[in-house]
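Colleague: Pasting coords-v6.csv below, which is CSV, C-alpha atoms.
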chain,number,residue,atom,x,y,z
A,9,MET,CA,-71.9,-19.7,-5.7
A,10,SER,CA,-72.5,-22.9,-3.8
A,11,ILE,CA,-69.7,-25.2,-2.8
A,12,GLU,CA,-71.0,-27.9,-5.2
A,13,SER,CA,-71.0,-25.5,-8.2
A,14,HIS,CA,-67.6,-24.2,-7.2
A,15,LEU,CA,-66.2,-27.7,-7.0
A,16,ALA,CA,-67.7,-28.6,-10.3
A,17,GLU,CA,-66.0,-25.6,-11.9
A,18,LEU,CA,-62.7,-26.5,-10.3
A,19,GLU,CA,-63.0,-30.1,-11.6
A,20,ARG,CA,-63.8,-28.8,-15.1
A,21,ARG,CA,-60.8,-26.6,-15.1
A,22,HIS,CA,-58.6,-29.5,-13.7
A,23,GLU,CA,-59.8,-31.7,-16.6
A,24,ALA,CA,-59.2,-28.9,-19.2
A,25,LEU,CA,-55.6,-28.6,-17.8
A,26,SER,CA,-55.1,-32.3,-18.1
A,27,LYS,CA,-56.1,-32.1,-21.8
A,28,GLN,CA,-53.9,-29.1,-22.4
A,29,ILE,CA,-50.9,-30.9,-20.7
A,30,ASP,CA,-51.5,-34.0,-22.9
A,31,GLN,CA,-51.5,-31.8,-26.0
A,32,ALA,CA,-48.4,-29.9,-24.9
A,33,THR,CA,-46.6,-33.2,-24.0
A,34,ASN,CA,-47.3,-34.6,-27.5
A,35,SER,CA,-46.2,-31.5,-29.3
A,36,PRO,CA,-42.6,-31.5,-30.7
A,37,SER,CA,-42.4,-27.8,-29.9
A,38,ALA,CA,-43.5,-28.0,-26.3
A,39,ASP,CA,-42.2,-25.3,-24.0
A,40,THR,CA,-40.8,-27.0,-20.9
A,41,LEU,CA,-41.4,-23.9,-18.7
A,42,GLU,CA,-45.0,-23.7,-19.9
A,43,LEU,CA,-45.6,-27.4,-19.2
A,44,VAL,CA,-44.2,-27.0,-15.7
A,45,ALA,CA,-46.5,-24.1,-15.1
A,46,LEU,CA,-49.5,-26.0,-16.4
A,47,LYS,CA,-48.7,-29.0,-14.2
A,48,ARG,CA,-48.2,-26.8,-11.1
A,49,ARG,CA,-51.6,-25.1,-11.7
A,50,LYS,CA,-53.2,-28.5,-12.1
A,51,LEU,CA,-51.7,-29.6,-8.8
A,52,GLN,CA,-52.9,-26.4,-7.1
A,53,LEU,CA,-56.5,-27.1,-8.4
A,54,LYS,CA,-56.3,-30.7,-7.2
A,55,ASP,CA,-55.2,-29.5,-3.7
A,56,GLU,CA,-58.0,-26.9,-3.6
A,57,ILE,CA,-60.6,-29.5,-4.7
A,58,ALA,CA,-59.4,-31.9,-2.0
A,59,ARG,CA,-59.4,-29.1,0.6
A,60,LEU,CA,-62.9,-28.0,-0.2
A,61,LYS,CA,-64.2,-31.6,-0.2
A,62,VAL,CA,-62.7,-32.1,3.3
A,63,GLU,CA,-64.1,-28.9,4.6
A,64,ASN,CA,-67.5,-29.6,3.1
A,65,THR,CA,-67.7,-33.0,4.8
A,66,ILE,CA,-66.6,-31.6,8.2
A,67,HIS,CA,-69.3,-28.9,8.2
Using the file provided, produce a representation of the structure as structure tokens.

Modeller:
Amino acid sequence: MSIESHLAELERRHEALSKQIDQATNSPSADTLELVALKRRKLQLKDEIARLKVENTIH
């Protein structure tokens, strides 16, 4: 898998998590622990995307 396709997949998953977080936030029965886990995963993806972009521009 190329770096570009890997980045595209990570960005797609990041966007999907954003939508999932929005839906959970607007739900009256939102599970706080699940929401925290989703936000943590979204942040991890964002960090990984940023790291790969930096590494890709250095090499």

Colleague: Which residue, A:Glu19, A:Ser26, A:Lys61, A:Asn34, has the smallest gap to Leu46 (chain A) when you use only C-alpha atoms?

Modeller: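 The answer is A:Ser26, which sits nearest to Leu46 (chain A).
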
Colleague: Nearest residue to Ala45 (chain A) out of A:Leu60, A:Ile66, A:Ala32, A:Met9, using all atoms listed in the file?

Modeller: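 Ranked by minimum distance to Ala45 (chain A), first place goes to A:Ala32.
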
Colleague: To one decimal place in Å, what is the distance between CA of Glu42 (chain A) and CA of Lys54 (chain A)?

Modeller: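 If I compute the distance from CA of Glu42 (chain A) to CA of Lys54 (chain A), I get 18.4 Å.
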
Colleague: Please measure the separation of CA of Asp55 (chain A) and CA of Asp30 (chain A), giving the value in Å to one decimal.

Modeller: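 Taking CA of Asp55 (chain A) as the start and CA of Asp30 (chain A) as the end point, the length is 20.1 Å.
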
Colleague: Using CA of Leu43 (chain A) and CA of Lys27 (chain A) as the two end points, give the distance in Å to one decimal.

Modeller: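 Going from CA of Leu43 (chain A) over to CA of Lys27 (chain A), I get 11.8 Å.
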
Colleague: Please write as a list of chain:residue names the list of polymer residues whose atoms come within 12 Å of (-57.7, -26.2, -9.0), counting only C-alpha atoms and keeping to the coordinates of the file.

Modeller: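 The residues near that point, listed by chain and number, are A:His14, A:Leu15, A:Ala16, A:Glu17, A:Leu18, A:Glu19, A:Arg20, A:Arg21, A:His22, A:Glu23, A:Ala24, A:Leu25, A:Ser26, A:Leu46, A:Lys47, A:Arg48, A:Arg49, A:Lys50, A:Leu51, A:Gln52, A:Leu53, A:Lys54, A:Asp55, A:Glu56, A:Ile57, A:Ala58, A:Arg59, A:Leu60.
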